[in-house]
$ cat entry27.txt   # compact mmCIF, C-alpha atoms and all ligand atoms
# COMPACT_ATOMS: atom_id res chain seq x y z
CA MET A 222 22.13 2.69 28.79
CA ALA A 223 23.00 -0.39 26.71
CA GLY A 224 21.48 -3.64 27.94
CA GLU A 225 18.83 -1.82 29.97
CA GLY A 226 15.36 -3.38 30.13
CA ALA A 227 13.97 -6.01 27.76
CA THR A 228 15.52 -6.75 24.43
CA ILE A 229 13.84 -7.12 21.10
CA GLU A 230 14.61 -10.73 20.23
CA GLY A 231 16.16 -11.64 16.91
CA LEU A 232 17.63 -8.26 16.11
CA HIS A 233 21.32 -7.87 15.47
CA VAL A 234 21.57 -4.27 14.38
CA GLY A 235 20.67 -1.22 16.42
CA THR A 236 18.93 -3.23 19.15
CA HIS A 237 19.85 -0.63 21.71
CA TYR A 238 18.24 2.17 19.72
CA LEU A 239 15.17 0.05 19.00
CA ASN A 240 14.76 -0.62 22.70
CA ARG A 241 15.14 3.05 23.57
CA ALA A 242 12.63 4.03 20.92
CA TYR A 243 10.23 1.33 22.09
CA PHE A 244 10.34 2.49 25.70
CA SER A 245 9.84 6.13 24.76
CA LEU A 246 6.95 5.20 22.47
CA GLN A 247 5.33 3.20 25.24
CA GLN A 248 5.07 6.43 27.25
CA ALA A 249 3.23 8.17 24.41
CA LEU A 250 1.24 5.35 22.85
CA GLY A 251 0.73 2.76 25.61
CA ASP A 252 -0.67 -0.47 24.19
CA ASN A 253 -0.65 0.97 20.67
CA VAL A 254 2.99 0.06 20.33
CA VAL A 255 4.29 -3.51 20.20
CA LYS A 256 7.57 -5.24 19.50
CA ASN A 257 8.22 -7.89 16.86
CA LYS A 258 4.79 -7.71 15.27
CA ILE A 259 4.47 -10.23 12.45
CA LEU A 260 3.32 -8.29 9.42
CA ALA A 261 1.94 -11.22 7.38
CA LYS A 262 -1.54 -10.64 8.77
CA GLU A 263 -1.27 -6.91 8.10
CA THR A 264 -0.86 -7.51 4.38
CA SER A 265 -3.37 -8.85 1.87
CA ILE A 266 -0.92 -11.44 0.52
CA ARG A 267 -0.41 -12.85 4.02
CA ALA A 268 3.36 -13.24 3.99
CA GLY A 269 6.33 -11.60 5.66
CA GLY A 270 8.16 -11.28 8.94
CA PRO A 271 8.11 -8.90 11.90
CA ALA A 272 8.37 -5.18 12.30
CA ALA A 273 10.81 -4.57 15.14
CA ILE A 274 8.40 -1.90 16.36
CA PHE A 275 4.78 -1.58 15.23
CA ALA A 276 2.82 1.47 16.27
CA VAL A 277 -0.72 2.62 15.68
CA ALA A 278 -0.93 6.41 15.88
CA ASP A 279 -4.47 7.33 16.91
CA SER A 280 -3.86 11.09 16.94
CA PHE A 281 -1.54 13.80 15.66
CA ASP A 282 0.22 13.81 19.03
CA GLN A 283 0.89 10.09 18.77
CA LEU A 284 2.09 10.43 15.19
CA ARG A 285 4.39 13.24 16.29
CA ALA A 286 5.76 10.96 19.03
CA VAL A 287 6.47 8.23 16.47
CA LEU A 288 8.27 10.63 14.14
CA TYR A 289 10.18 12.09 17.05
CA SER A 290 11.34 8.63 18.17
CA ALA A 291 12.39 7.60 14.68
CA ASN A 292 14.37 10.84 14.29
CA GLU A 293 15.81 10.73 17.79
CA TRP A 294 17.10 7.15 17.51
CA GLY A 295 17.92 7.23 13.81
CA LEU A 296 15.49 4.44 12.96
CA PRO A 297 13.92 3.84 9.59
CA LEU A 298 10.18 4.53 9.54
CA PHE A 299 7.62 2.97 7.24
CA VAL A 300 3.95 3.91 7.05
CA ILE A 301 1.62 1.06 6.26
CA GLY A 302 -1.95 1.49 5.06
CA LYS A 303 -3.99 -1.67 4.60
CA GLY A 304 -0.97 -3.55 3.22
CA SER A 305 -2.76 -4.39 -0.02
CA ASN A 306 0.15 -3.48 -2.27
CA LEU A 307 2.96 -4.69 -0.10
CA LEU A 308 5.43 -7.57 0.19
CA VAL A 309 7.33 -7.65 3.48
CA SER A 310 10.50 -9.79 3.57
CA ASP A 311 10.59 -12.89 5.77
CA ALA A 312 13.29 -11.23 7.87
CA GLY A 313 10.93 -8.33 8.48
CA PHE A 314 11.84 -4.70 9.04
CA GLN A 315 14.42 -3.36 11.49
CA GLY A 316 12.67 -0.14 12.23
CA ILE A 317 9.29 1.36 13.09
CA VAL A 318 6.19 0.54 11.08
CA VAL A 319 3.38 2.98 11.79
CA ARG A 320 -0.27 2.73 10.90
CA LEU A 321 -2.68 5.64 11.22
CA GLY A 322 -5.56 4.97 13.60
CA LYS A 323 -8.71 6.53 15.06
CA ASP A 324 -8.39 10.27 14.39
CA PHE A 325 -7.36 9.54 10.80
CA MET A 326 -10.51 7.54 10.10
CA LEU A 327 -12.88 10.49 10.03
CA LYS A 328 -14.65 11.76 6.93
CA ARG A 329 -16.94 14.67 6.15
CA VAL A 330 -19.04 15.41 3.11
CA ASP A 331 -19.40 19.07 2.19
CA GLY A 332 -21.31 19.64 -1.04
CA ASN A 333 -19.36 17.92 -3.79
CA LYS A 334 -16.30 17.48 -1.61
CA ILE A 335 -15.29 14.67 0.69
CA GLN A 336 -12.65 15.41 3.28
CA ALA A 337 -11.21 12.23 4.77
CA GLY A 338 -8.41 11.01 6.98
CA ALA A 339 -5.72 8.89 5.34
CA ALA A 340 -6.80 5.78 7.25
CA VAL A 341 -10.31 5.79 5.76
CA SER A 342 -10.74 2.77 3.53
CA LEU A 343 -11.14 3.32 -0.18
CA PRO A 344 -14.20 1.04 -0.34
CA LEU A 345 -15.87 3.22 2.31
CA LEU A 346 -15.14 6.35 0.26
CA VAL A 347 -16.58 4.72 -2.86
CA GLN A 348 -19.71 3.84 -0.88
CA THR A 349 -19.99 7.32 0.68
CA ALA A 350 -19.67 9.05 -2.69
CA SER A 351 -22.26 6.76 -4.23
CA LYS A 352 -24.72 7.31 -1.35
CA GLN A 353 -24.36 11.08 -1.77
CA GLY A 354 -24.94 10.82 -5.53
CA LEU A 355 -21.37 11.96 -6.20
CA ASP A 356 -19.49 10.70 -9.24
CA GLY A 357 -15.72 10.34 -9.68
CA MET A 358 -14.94 7.43 -7.34
CA THR A 359 -16.59 4.55 -9.19
CA PHE A 360 -13.25 3.52 -10.76
CA ALA A 361 -12.05 2.53 -7.28
CA VAL A 362 -14.74 -0.05 -6.59
CA GLY A 363 -13.04 -3.24 -5.43
CA ILE A 364 -9.64 -1.63 -4.79
CA PRO A 365 -8.82 -2.46 -1.19
CA GLY A 366 -6.57 -0.13 0.72
CA SER A 367 -6.65 3.13 2.60
CA LEU A 368 -6.94 6.64 1.22
CA GLY A 369 -3.28 7.26 2.19
CA GLY A 370 -2.11 4.17 0.30
CA ALA A 371 -4.27 5.06 -2.68
CA LEU A 372 -2.75 8.55 -2.86
CA ALA A 373 0.80 7.27 -2.41
CA MET A 374 0.27 4.73 -5.20
CA ASN A 375 -2.09 6.90 -7.25
CA ALA A 376 -4.42 3.91 -7.31
CA GLY A 377 -6.52 3.62 -10.40
CA ALA A 378 -8.49 1.52 -12.82
CA HIS A 379 -10.56 1.91 -15.98
CA GLU A 380 -8.40 4.85 -17.15
CA HIS A 381 -9.14 6.85 -13.98
CA CYS A 382 -7.09 7.36 -10.85
CA ILE A 383 -7.39 8.96 -7.44
CA GLY A 384 -5.17 11.83 -8.60
CA ASP A 385 -7.98 12.93 -10.95
CA VAL A 386 -10.25 13.86 -8.04
CA VAL A 387 -7.78 15.25 -5.51
CA SER A 388 -8.38 18.81 -4.42
CA SER A 389 -5.73 18.92 -1.67
CA VAL A 390 -3.65 16.62 0.50
CA MET A 391 -2.36 17.25 4.01
CA VAL A 392 1.00 15.68 4.88
CA PHE A 393 3.12 15.44 7.99
CA SER A 394 6.78 15.97 7.13
CA LYS A 395 9.76 14.25 8.74
CA SER A 396 10.33 17.40 10.80
CA CYS A 397 6.74 17.11 12.12
CA GLU A 398 5.51 20.02 10.04
CA LEU A 399 1.95 19.90 8.68
CA LYS A 400 1.72 20.97 5.05
CA VAL A 401 -1.30 21.33 2.81
CA LEU A 402 -0.52 20.54 -0.82
CA GLU A 403 -3.00 21.85 -3.36
CA ALA A 404 -3.80 19.85 -6.49
CA ARG A 405 -1.59 22.18 -8.56
CA ASP A 406 1.42 21.35 -6.34
CA LEU A 407 0.97 17.60 -6.84
CA CYS A 408 2.23 15.42 -9.64
CA PHE A 409 0.28 12.17 -9.89
CA VAL A 410 1.57 9.78 -12.53
CA TYR A 411 0.74 6.16 -13.31
CA ARG A 412 0.80 4.32 -9.94
CA ASN A 413 2.80 6.99 -8.20
CA GLY A 414 1.60 9.97 -6.21
CA ASN A 415 5.15 11.41 -6.20
CA PHE A 416 5.00 12.58 -2.60
CA ASP A 417 8.23 13.32 -0.75
CA LYS A 418 9.70 10.05 0.46
CA ASP A 419 9.37 11.01 4.13
CA ASP A 420 5.98 12.69 3.99
CA ILE A 421 3.13 10.92 5.74
CA ILE A 422 -0.23 11.59 4.17
CA VAL A 423 -2.73 12.37 6.92
CA GLU A 424 -5.78 13.74 5.15
CA ALA A 425 -7.14 14.64 1.73
CA THR A 426 -10.03 16.47 0.15
CA LEU A 427 -11.56 14.92 -2.93
CA ALA A 428 -13.56 17.06 -5.35
CA LEU A 429 -16.31 15.00 -6.98
CA THR A 430 -19.13 15.86 -9.34
CA PRO A 431 -22.88 15.42 -8.92
CA GLY A 432 -24.01 12.29 -10.70
CA GLU A 433 -27.09 10.27 -11.45
CA PRO A 434 -27.42 7.75 -8.54
CA GLU A 435 -28.84 4.98 -10.75
CA MET A 436 -26.00 5.34 -13.25
CA ILE A 437 -23.40 5.37 -10.47
CA LYS A 438 -24.94 2.21 -9.02
CA ARG A 439 -24.94 0.44 -12.40
CA GLN A 440 -21.31 1.43 -13.06
CA LEU A 441 -20.26 0.15 -9.64
CA GLU A 442 -22.01 -3.17 -10.21
CA GLU A 443 -20.49 -3.57 -13.66
CA TRP A 444 -16.93 -2.84 -12.58
CA PHE A 445 -17.19 -4.87 -9.40
CA GLY A 446 -18.61 -7.80 -11.35
CA LYS A 447 -15.68 -7.58 -13.78
CA ARG A 448 -13.21 -7.82 -10.94
CA LYS A 449 -14.96 -10.83 -9.44
CA SER A 450 -14.85 -12.67 -12.74
CA ASN A 451 -11.25 -11.68 -13.71
CA GLN A 452 -9.37 -11.68 -10.43
CA PRO A 453 -8.40 -14.58 -8.14
CA LEU A 454 -10.05 -13.04 -5.10
CA GLN A 455 -10.43 -16.37 -3.30
CA PHE A 456 -6.68 -16.43 -2.54
CA PRO A 457 -4.54 -13.89 -0.68
CA ASN A 458 -2.82 -11.58 -3.20
CA ALA A 459 -1.50 -8.05 -3.54
CA GLY A 460 -3.30 -7.00 -6.70
CA SER A 461 -1.35 -6.49 -9.90
CA VAL A 462 2.26 -7.50 -9.42
CA PHE A 463 3.63 -5.48 -12.33
CA LYS A 464 2.77 -2.11 -13.87
CA ASN A 465 1.35 -2.23 -17.36
CA PRO A 466 3.89 -1.23 -19.99
CA LYS A 467 2.67 1.42 -22.44
CA ARG A 468 1.37 -0.83 -25.22
CA THR A 469 0.39 -4.22 -23.80
CA PRO A 470 -1.08 -5.14 -20.41
CA ALA A 471 1.43 -6.93 -18.19
CA GLY A 472 -1.03 -9.81 -17.69
CA LEU A 473 -1.10 -10.54 -21.41
CA LEU A 474 2.71 -10.50 -21.69
CA ILE A 475 2.98 -12.85 -18.69
CA GLU A 476 0.36 -15.19 -20.10
CA LYS A 477 1.99 -15.26 -23.55
CA ALA A 478 5.35 -16.03 -21.96
CA GLY A 479 3.72 -19.15 -20.51
CA CYS A 480 3.97 -18.12 -16.88
CA LYS A 481 0.43 -18.95 -15.74
CA GLY A 482 0.57 -21.64 -13.08
CA MET A 483 4.33 -21.14 -12.42
CA ARG A 484 5.08 -21.81 -8.76
CA SER A 485 7.64 -21.20 -6.09
CA GLY A 486 6.64 -22.95 -2.88
CA ASP A 487 3.04 -21.97 -2.21
CA ALA A 488 3.26 -18.85 -4.39
CA GLU A 489 1.62 -19.26 -7.78
CA VAL A 490 1.08 -17.13 -10.87
CA SER A 491 -2.70 -17.11 -11.01
CA GLU A 492 -4.40 -19.15 -13.73
CA LYS A 493 -7.24 -16.63 -13.65
CA HIS A 494 -5.21 -13.42 -14.05
CA ALA A 495 -1.54 -13.75 -14.97
CA ASN A 496 -0.56 -10.42 -13.37
CA PHE A 497 -1.63 -11.74 -9.95
CA ILE A 498 0.52 -13.93 -7.73
CA VAL A 499 -1.56 -15.80 -5.20
CA ASN A 500 -0.63 -17.33 -1.90
CA ARG A 501 -1.96 -20.89 -2.05
CA GLY A 502 -1.46 -21.48 1.65
CA SER A 503 1.84 -20.85 3.33
CA ALA A 504 3.92 -19.00 0.74
CA ARG A 505 6.92 -17.26 2.19
CA ALA A 506 7.84 -13.77 1.05
CA SER A 507 10.99 -15.29 -0.48
CA ASP A 508 8.81 -17.66 -2.59
CA ILE A 509 6.75 -14.73 -3.84
CA HIS A 510 9.83 -12.65 -4.50
CA SER A 511 11.62 -15.39 -6.46
CA LEU A 512 8.48 -15.98 -8.49
CA ILE A 513 8.29 -12.26 -9.31
CA LYS A 514 11.90 -12.42 -10.50
CA ALA A 515 11.32 -15.61 -12.50
CA VAL A 516 8.33 -14.01 -14.27
CA GLN A 517 10.32 -10.86 -14.94
CA ILE A 518 13.11 -12.88 -16.57
CA ARG A 519 10.77 -15.16 -18.56
CA VAL A 520 8.83 -12.19 -19.95
CA PHE A 521 12.09 -10.44 -20.86
CA GLU A 522 13.30 -13.53 -22.72
CA HIS A 523 10.06 -13.65 -24.69
CA THR A 524 9.48 -9.97 -25.38
CA GLY A 525 12.58 -7.93 -24.54
CA ILE A 526 10.48 -6.02 -21.98
CA TYR A 527 11.40 -5.84 -18.30
CA LEU A 528 8.21 -5.52 -16.31
CA GLU A 529 8.40 -3.01 -13.49
CA PRO A 530 6.92 -4.20 -10.18
CA GLU A 531 3.85 -2.33 -8.98
CA ILE A 532 4.02 -4.04 -5.59
CA GLU A 533 6.06 -2.21 -2.96
CA PHE A 534 8.73 -4.11 -1.04
CA LEU A 535 9.65 -3.71 2.61
CA GLY A 536 12.78 -5.21 4.16
CA GLU A 537 15.62 -7.12 2.57
CA PHE A 538 15.33 -9.83 -0.05
CA ALA A 539 18.07 -12.25 -1.09
CA GLU A 540 17.56 -11.77 -4.81
CA ILE A 541 17.72 -8.49 -6.65
CA LEU A 542 14.92 -7.54 -8.99
CA ILE A 543 15.69 -5.75 -12.20
CA VAL A 544 14.46 -2.18 -12.09
CA PRO A 545 13.81 -1.12 -15.66
CA ARG A 546 14.97 2.29 -16.90
CA LYS A 547 12.09 4.74 -17.17
CA SER A 548 11.15 5.37 -20.81
C1 LIG B 601 -7.48 -7.70 -4.94
C2 LIG B 601 -6.71 -6.42 -5.16
C3 LIG B 601 -7.05 -5.60 -6.22
C4 LIG B 601 -6.34 -4.42 -6.44
N1 LIG B 601 -6.69 -3.62 -7.50
C5 LIG B 601 -6.04 -2.47 -7.72
C6 LIG B 601 -6.41 -1.62 -8.81
O1 LIG B 601 -7.32 -1.88 -9.58
N2 LIG B 601 -5.71 -0.46 -8.98
C7 LIG B 601 -4.69 -0.11 -8.15
O2 LIG B 601 -4.10 0.96 -8.35
N3 LIG B 601 -4.31 -0.90 -7.12
C8 LIG B 601 -4.96 -2.06 -6.88
N4 LIG B 601 -4.59 -2.87 -5.83
C9 LIG B 601 -3.41 -2.51 -5.01
C10 LIG B 601 -3.73 -1.70 -3.73
O3 LIG B 601 -5.03 -1.99 -3.25
C11 LIG B 601 -3.59 -0.20 -3.95
O4 LIG B 601 -2.29 0.13 -4.37
C12 LIG B 601 -3.92 0.57 -2.66
O5 LIG B 601 -4.07 1.91 -2.97
C13 LIG B 601 -2.83 0.41 -1.59
O6 LIG B 601 -3.34 0.99 -0.40
P1 LIG B 601 -2.89 0.43 1.02
O7 LIG B 601 -3.51 1.28 2.05
O8 LIG B 601 -3.16 -1.01 1.11
O9 LIG B 601 -1.32 0.72 0.96
P2 LIG B 601 -0.14 -0.21 1.48
O10 LIG B 601 -0.09 -1.45 0.65
O11 LIG B 601 -0.20 -0.35 2.94
O12 LIG B 601 1.11 0.70 1.11
C14 LIG B 601 1.41 0.97 -0.24
C15 LIG B 601 2.37 2.16 -0.28
O13 LIG B 601 1.69 3.32 0.15
C16 LIG B 601 2.41 3.95 1.21
N5 LIG B 601 1.46 4.55 2.13
C17 LIG B 601 0.37 3.96 2.72
N6 LIG B 601 -0.26 4.84 3.51
C18 LIG B 601 0.45 5.99 3.44
C19 LIG B 601 0.33 7.27 4.07
N7 LIG B 601 -0.66 7.55 4.93
N8 LIG B 601 1.26 8.21 3.78
C20 LIG B 601 2.27 7.96 2.92
N9 LIG B 601 2.44 6.77 2.30
C21 LIG B 601 1.54 5.81 2.57
C22 LIG B 601 3.19 2.81 1.86
O14 LIG B 601 4.30 3.32 2.57
C23 LIG B 601 3.58 2.00 0.64
O15 LIG B 601 4.70 2.57 0.01
C24 LIG B 601 -5.27 -4.06 -5.59
C25 LIG B 601 -4.94 -4.90 -4.52
C26 LIG B 601 -5.64 -6.06 -4.30
C27 LIG B 601 -5.27 -6.95 -3.14
$ encode --input "entry27.txt" --output "structure tokens" --more "lines below"
Ligand SMILES: Cc1cc2nc3c(=O)[nH]c(=O)nc-3n(C[C@H](O)[C@H](O)[C@H](O)COP(=O)(O)OP(=O)(O)OC[C@H]3O[C@@H](n4cnc5c(N)ncnc54)[C@H](O)[C@@H]3O)c2cc1C
Amino acid sequence: MAGEGATIEGLHVGTHYLNRAYFSLQQALGDNVVKNKILAKETSIRAGGPAAIFAVADSFDQLRAVLYSANEWGLPLFVIGKGSNLLVSDAGFQGIVVRLGKDFMLKRVDGNKIQAGAAVSLPLLVQTASKQGLDGMTFAVGIPGSLGGALAMNAGAHEHCIGDVVSSVMVFSKSCELKVLEARDLCFVYRNGNFDKDDIIVEATLALTPGEPEMIKRQLEEWFGKRKSNQPLQFPNAGSVFKNPKRTPAGLLIEKAGCKGMRSGDAEVSEKHANFIVNRGSARASDIHSLIKAVQIRVFEHTGIYLEPEIEFLGEFAEILIVPRKS
């Protein structure tokens, strides 16, 4: 019934459906569901507006309830990991944002394999592998984020990526069907796991190789040290803003185009690493977004190359970014 119960303030579209979905989710998730949750604190760059509905699914049953509600009320659904590759618009998201909770934080080591829920943090997996003397995860040292986000983005560094060590991935489809995808069914490419748009990654098994613990430790220290010296980790950021084009790293192109230090409000192109935009205090998502666009245009004017954003965007932004044609 329209107008029934509380309203979700500030929404103009589909408020009725949002309210219905919220009330039905309250039955299934209790306190794990909230209205108008500001997402800035849920992202590493610390900017962005509210999710009309924010839910933490602690179990398969709760995740099923979230999917059911989104389907039932025709609401867009977005799954958030640790928000370390994400820019949410200031206006927020008129739908359901779901994060995987408790039951998706479990991990098990079995020989050379680690089976882990999608909510397990990548740093924890790097640490677990290293403690077990397993090699194959060192590339990920210092990459924040969850296993689910890493698989969706095919996170990588030092010429390695998570796709290299995946044995299988379990996903929950839009129709609430659990599917196990074997490595041969998957198609990881540079910064893209190529999963179906609506699939939610719930678990994965990583196949690692036995390694020499001392060597693993040294490699971790070296690569972590490199990050600390190259990256502006003292300010909120979302990692590399743009993907590297084939021949030249994006950071070098941005630096050569004279973009270091460019600002929009409190958003700044880092002086330390040109492919990072940092939040110097109270940057709005619109500041960050306009700076991304300004950099994209400046680099194009200097090089003829349109840089493709690596950061994912959620919600609506006033300006339109150029999406380069795939080569
Ligand atoms: C300081 C810093 C350094 C970084 N360095 C690197 C680096 O070296 N290499 C690199 O690749 N990245 C890097 N990143 C970016 C980021 O950490 C990775 O992309 C990470 O894998 C994102 O994981 P997340 O959980 O934070 O995902 P989020 O940012 O929350 O989401 C990213 C995308 O993944 C999707 N997603 C998340 N969870 C799931 C799920 N369970 N099922 C389906 N889709 C899901 C989201 O919908 C979204 O589209 C860096 C970021 C920071 C802040």
$ closest_residue --input "entry27.txt" --among "A:Lys493, A:Ala291, A:Leu429, A:Asp356" --to "Arg448 in chain A" --atoms "only C-alpha atoms"
A:Lys493
$ closest_residue --input "entry27.txt" --among "A:Ser290, A:Thr359, A:Ser280, A:Ser342" --to "ligand LIG 601 (chain B)" --atoms "only C-alpha atoms and all ligand atoms"
A:Ser342
$ closest_atom_pairs --input "entry27.txt" --of "range 329-418 of chain A" --to "range 255-278 of chain A" --cutoff "12 Å" --atoms "all atoms listed in the file" --output "Markdown table"
| residue | atom | partner | partner_atom | distance |
| --- | --- | --- | --- | --- |
| A:Ala339 | CA | A:Ala278 | CA | 11.8 |
| A:Ala340 | CA | A:Ala278 | CA | 10.5 |
| A:Ile364 | CA | A:Ser265 | CA | 11.7 |
| A:Pro365 | CA | A:Ser265 | CA | 8.9 |
| A:Gly366 | CA | A:Ser265 | CA | 9.4 |
$ write_last_selection --input "entry27.txt" --atoms "C-alpha atoms" --output "PDB file, in the frame of the given file"
ATOM      1  CA  ALA A 339      -5.720   8.890   5.340  1.00  0.00           C
ATOM      2  CA  ALA A 340      -6.800   5.780   7.250  1.00  0.00           C
ATOM      3  CA  ILE A 364      -9.640  -1.630  -4.790  1.00  0.00           C
ATOM      4  CA  PRO A 365      -8.820  -2.460  -1.190  1.00  0.00           C
ATOM      5  CA  GLY A 366      -6.570  -0.130   0.720  1.00  0.00           C
TER       6      GLY A 366
END
$ closest_residue --input "entry27.txt" --among "A:Gly332, A:Gly432, A:Pro466, A:Gly357" --to "Tyr411 in chain A" --atoms "only C-alpha atoms"
A:Pro466
$ residues_near_point --input "entry27.txt" --point "(11.0, -12.6, -11.5)" --cutoff "10 Å" --atoms "all atoms listed in the file" --output "PyMOL selection string"
chain A and resi 509-521+527-528+530+540-543
$ residues_around --input "entry27.txt" --residues "range 438-446 of chain A" --least-positions-apart "3" --cutoff "12 Å" --atoms "all atoms listed in the file" --output "ChimeraX atom specification"
/A:344,347-348,350-365,378-379,432-435,449-452,454
$ build_atoms --input "entry27.txt" --residues "range 480-497 of chain A" --atoms "N, CA and C atoms" --output "PDB file, in the frame of the given file"
ATOM      1  N   CYS A 480       3.695 -18.115 -18.329  1.00  0.00           N
ATOM      2  CA  CYS A 480       3.970 -18.120 -16.880  1.00  0.00           C
ATOM      3  C   CYS A 480       2.788 -18.546 -16.023  1.00  0.00           C
ATOM      4  N   LYS A 481       1.588 -18.596 -16.587  1.00  0.00           N
ATOM      5  CA  LYS A 481       0.430 -18.950 -15.740  1.00  0.00           C
ATOM      6  C   LYS A 481       0.688 -20.294 -15.067  1.00  0.00           C
ATOM      7  N   GLY A 482       0.397 -20.377 -13.799  1.00  0.00           N
ATOM      8  CA  GLY A 482       0.570 -21.640 -13.080  1.00  0.00           C
ATOM      9  C   GLY A 482       1.998 -21.862 -12.570  1.00  0.00           C
ATOM     10  N   MET A 483       2.957 -20.979 -12.953  1.00  0.00           N
ATOM     11  CA  MET A 483       4.330 -21.140 -12.420  1.00  0.00           C
ATOM     12  C   MET A 483       4.275 -21.030 -10.899  1.00  0.00           C
ATOM     13  N   ARG A 484       5.129 -21.814 -10.227  1.00  0.00           N
ATOM     14  CA  ARG A 484       5.080 -21.810  -8.760  1.00  0.00           C
ATOM     15  C   ARG A 484       6.444 -21.682  -8.132  1.00  0.00           C
ATOM     16  N   SER A 485       6.458 -21.161  -6.945  1.00  0.00           N
ATOM     17  CA  SER A 485       7.640 -21.200  -6.090  1.00  0.00           C
ATOM     18  C   SER A 485       7.071 -21.417  -4.696  1.00  0.00           C
ATOM     19  N   GLY A 486       7.296 -22.607  -4.150  1.00  0.00           N
ATOM     20  CA  GLY A 486       6.640 -22.950  -2.880  1.00  0.00           C
ATOM     21  C   GLY A 486       5.130 -22.842  -3.065  1.00  0.00           C
ATOM     22  N   ASP A 487       4.492 -22.138  -2.144  1.00  0.00           N
ATOM     23  CA  ASP A 487       3.040 -21.970  -2.210  1.00  0.00           C
ATOM     24  C   ASP A 487       2.632 -20.692  -2.957  1.00  0.00           C
ATOM     25  N   ALA A 488       3.590 -20.034  -3.584  1.00  0.00           N
ATOM     26  CA  ALA A 488       3.260 -18.850  -4.390  1.00  0.00           C
ATOM     27  C   ALA A 488       3.021 -19.310  -5.825  1.00  0.00           C
ATOM     28  N   GLU A 489       1.967 -18.780  -6.435  1.00  0.00           N
ATOM     29  CA  GLU A 489       1.620 -19.260  -7.780  1.00  0.00           C
ATOM     30  C   GLU A 489       1.162 -18.089  -8.656  1.00  0.00           C
ATOM     31  N   VAL A 490       1.606 -18.106  -9.911  1.00  0.00           N
ATOM     32  CA  VAL A 490       1.080 -17.130 -10.870  1.00  0.00           C
ATOM     33  C   VAL A 490      -0.336 -17.585 -11.187  1.00  0.00           C
ATOM     34  N   SER A 491      -1.290 -16.708 -10.929  1.00  0.00           N
ATOM     35  CA  SER A 491      -2.700 -17.110 -11.010  1.00  0.00           C
ATOM     36  C   SER A 491      -3.074 -17.586 -12.422  1.00  0.00           C
ATOM     37  N   GLU A 492      -3.868 -18.637 -12.460  1.00  0.00           N
ATOM     38  CA  GLU A 492      -4.400 -19.150 -13.730  1.00  0.00           C
ATOM     39  C   GLU A 492      -5.493 -18.211 -14.234  1.00  0.00           C
ATOM     40  N   LYS A 493      -6.099 -17.485 -13.292  1.00  0.00           N
ATOM     41  CA  LYS A 493      -7.240 -16.630 -13.650  1.00  0.00           C
ATOM     42  C   LYS A 493      -6.785 -15.286 -14.214  1.00  0.00           C
ATOM     43  N   HIS A 494      -5.729 -14.726 -13.623  1.00  0.00           N
ATOM     44  CA  HIS A 494      -5.210 -13.420 -14.050  1.00  0.00           C
ATOM     45  C   HIS A 494      -3.697 -13.475 -13.885  1.00  0.00           C
ATOM     46  N   ALA A 495      -2.989 -13.479 -15.024  1.00  0.00           N
ATOM     47  CA  ALA A 495      -1.540 -13.750 -14.970  1.00  0.00           C
ATOM     48  C   ALA A 495      -0.749 -12.673 -14.233  1.00  0.00           C
ATOM     49  N   ASN A 496      -1.320 -11.449 -14.085  1.00  0.00           N
ATOM     50  CA  ASN A 496      -0.560 -10.420 -13.370  1.00  0.00           C
ATOM     51  C   ASN A 496      -0.807 -10.477 -11.853  1.00  0.00           C
ATOM     52  N   PHE A 497      -1.450 -11.549 -11.391  1.00  0.00           N
ATOM     53  CA  PHE A 497      -1.630 -11.740  -9.950  1.00  0.00           C
ATOM     54  C   PHE A 497      -0.788 -12.931  -9.504  1.00  0.00           C
TER      55      PHE A 497
END
